[in-house]
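Here's the structure, in structure tokens; my notes come after.
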Amino acid sequence: MPDSLLDPLRARYDVVVVGGGHNGLTAAAYAARGGRSVLVLERADHVGGAAVSARPFPGVDARLSRYSYLVSLLPRRIVDELGLPVRLVRRRWSSYTPVADGGLLVDTQDDAATRASFRRLTGSEADFEAWGRFYAMTAEVARRLAPTLTEPLLPRSAVRHLVADGVGEEAWRALFEEPLGEVIRRTFADDVVRGVAATDGLIGTFADVDEPSLRQNRCFLYHVIGNGTGDWDVPVGGMGAVSGALRDAAVAAGATIVTSATVTAVDPGAVGAEVAWTDADGRTRGVTAGHVLAGCAPAELERLLAVAGRGAASGSSSAEPWPAGAAGPGPEGAQLKVNMLLNRLPRLRDDVDPVAAFSGTLHVNESLTQLQDAYAQAAAGRIPDLPPSEIYCHTLSDRTILGPELAATEAQTITLFGLHMPARLFRADPDGARERALQATLASLNSVLAEPIEDVLALDADGTPCLEVRTPVDLEGDVGLPGGHIFHRDLSWPFAESDAGSGAEGGAGAGAGAAGGAAAWVDPGSAPGAAERWGVATAHPRVLLAGAGARRGGGVSGIPGRAAAMAVLETPPS
């Protein structure tokens, strides 16, 4: 069914966007505001992709952010330029990590309390002082680097100058050249403190912290530079409010959005592209596009091009659709997502305020040793014995996602994000492996609580516990994430690998060219055009990446969608 369609579809549009996720909607809004005719084709019966809210529990009036759940990388510039009525709530407590009958509480508004917590855990204030220095460094890098994310790509040399000269050579080496594990071990002495710092490099990324590819470093970087602060904020109304605002902006600008529209092939040409799709009634349709913006994953775009006999390999002898060092023939996600509704917060073994503990990120069995052990077990093909995970409670910051009756109770929504759960563990036996992973994860969680989480789970209208679990294989089917990879593929550095633009993948160091990103599709000998300058190019000039798989992709940011639109608007309409 069309999501917003009053007039018959045209035979040709200046821009056809494949996929109505938040990046696709961002691209549509900017392109339409720039005067281009825009058609968005979305496979699902709704837009938003992984940035949606849903009521997963029958008879329960709770709208959970079903997949993605916090916002950091969405630039204020995009919110302001599109006039998005998005409200974000800053969390006071950064994190709490239970350890035996105590724990580490990081309070962003009370240095004295945080210092005392470090002292109780580690026996000294050394790691507290190191923590302050380390995150002051990342904050300064964020302040300098974040504004570049909404501009044409800088070359690696310019970003090095920006960081090394402005913050220090040590900052450049620590974030961009040395494996994250080495940096963390050198900076912090305590195993738990090391683990809390390391987790930002492992969200959605299956990696050893010492991996020479530095994919963990790239993941860490994106987690600490959002909006120049690295803060992760709560979207009021849930993720559906973010995607809803982007949808409204696109429609208001004149874009046409069609849902239940499955794109089946993309055939690029010199002056346009032919896009084949089927509608909700199963009818085959077609439309010509001046540009195709792929809000879908690069793996899906590769498939659509191959159907038309125009895959990346036929367009560029240097094509390499997957980042060097990626596991297997394509992307692989590595997380277990568990959504829960609780009657109340569970009791903790520590005397910490439960509101403080659950308002930020609650780290479960995430010391560096525990993270590395879990990685080794998963890499060997086993579900980890003690799965590490992170917990977040949306309703402590925003109760608008609950119906009035439920909001008046002590009910709380809980999101659990389990690490080191790669798709390979779930391929052979999806249902059985999902259940085993869930039970291991709940046992891991219960090991740090004073009561089983099962005792505080709410029940739905059928008397079933309000718990939903999704594996990478589930995400692949639910929202088209290849291998369940939440970033579509391993993240790339947020700069061009050479001074000539993002078309050339240089080999400057172990991690410099480790992530192929969009640039791996482009002929290194070509002069950079608009698409190369914005980091969204493919081998086909009229087909651009607009999703998380583009350079500077990943997370709920809208940056790739805006970049693709900027590249289009710099190119005269055909």
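Letters A, B, ... go to the chains of the structure tokens in the order shown; residues in each chain start at 1; ligands are counted from 1 in the same order.
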Please return as a VMD selection string: the residues of segment 255-470 of chain A that backbone DSSP assigns to strand (DSSP E or B). chain A and resid 256 to 258 262 to 268 273 to 278 284 to 294 336 to 342 348 361 to 364 389 to 392 402 412 to 418 449 457 459 465 467 to 470
Could you make a table, as JSON lines, of the residues of segment 340-371 of chain A that have an atom within 7 Å of an atom of segment 426-450 of chain A, each with its nearest atom pair and distance in Å to one decimal, counting only C-alpha atoms, in chain and number order?
{"residue": "A:Arg347", "atom": "CA", "partner": "A:Ala450", "partner_atom": "CA", "distance": 5.3}
{"residue": "A:Leu348", "atom": "CA", "partner": "A:Leu449", "partner_atom": "CA", "distance": 4.8}
{"residue": "A:Arg349", "atom": "CA", "partner": "A:Ala450", "partner_atom": "CA", "distance": 5.0}
{"residue": "A:Val364", "atom": "CA", "partner": "A:Leu445", "partner_atom": "CA", "distance": 6.2}
Name the residues in contact with segment 61-64 of chain A at a cut-off of 7 Å, using only C-alpha atoms, excluding same-chain residues fewer than 3 positions from it; report them as a PyMOL selection string. chain A and resi 53-55+238+401-403
Those residues you just picked out, can you put them in a file as a PDB file, in the first residue's frame with C-alpha atoms?
ATOM      1  CA  SER A  53       8.688   1.581  17.595  1.00  0.00           C
ATOM      2  CA  ALA A  54       6.322  -1.340  18.009  1.00  0.00           C
ATOM      3  CA  ARG A  55       3.953  -2.997  20.479  1.00  0.00           C
ATOM      4  CA  GLY A 238      11.012   6.078  21.010  1.00  0.00           C
ATOM      5  CA  ILE A 401       6.017   5.171  25.274  1.00  0.00           C
ATOM      6  CA  LEU A 402       3.651   3.638  27.869  1.00  0.00           C
ATOM      7  CA  GLY A 403      -0.116   3.954  27.829  1.00  0.00           C
TER       8      GLY A 403
END
Proximity to Gly181 of chain A - best of A:Gly204, A:Ser157, A:Glu211, A:Ala164, only C-alpha atoms: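 Closest to Gly181 of chain A of all the choices is A:Glu211.
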Which of A:Ala146, A:Gly20, A:Arg120, A:Ala252 sits closest to Leu221 of chain A [using only C-alpha atoms]: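 Closest to Leu221 of chain A, using only C-alpha atoms: A:Ala146.
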Nearest to Leu162 of chain A, chosen from A:Leu121, A:Val192, A:Val234, A:Leu145, with only C-alpha atoms counted in the distances: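 Checking each candidate against Leu162 of chain A, we get A:Leu145 as the closest.
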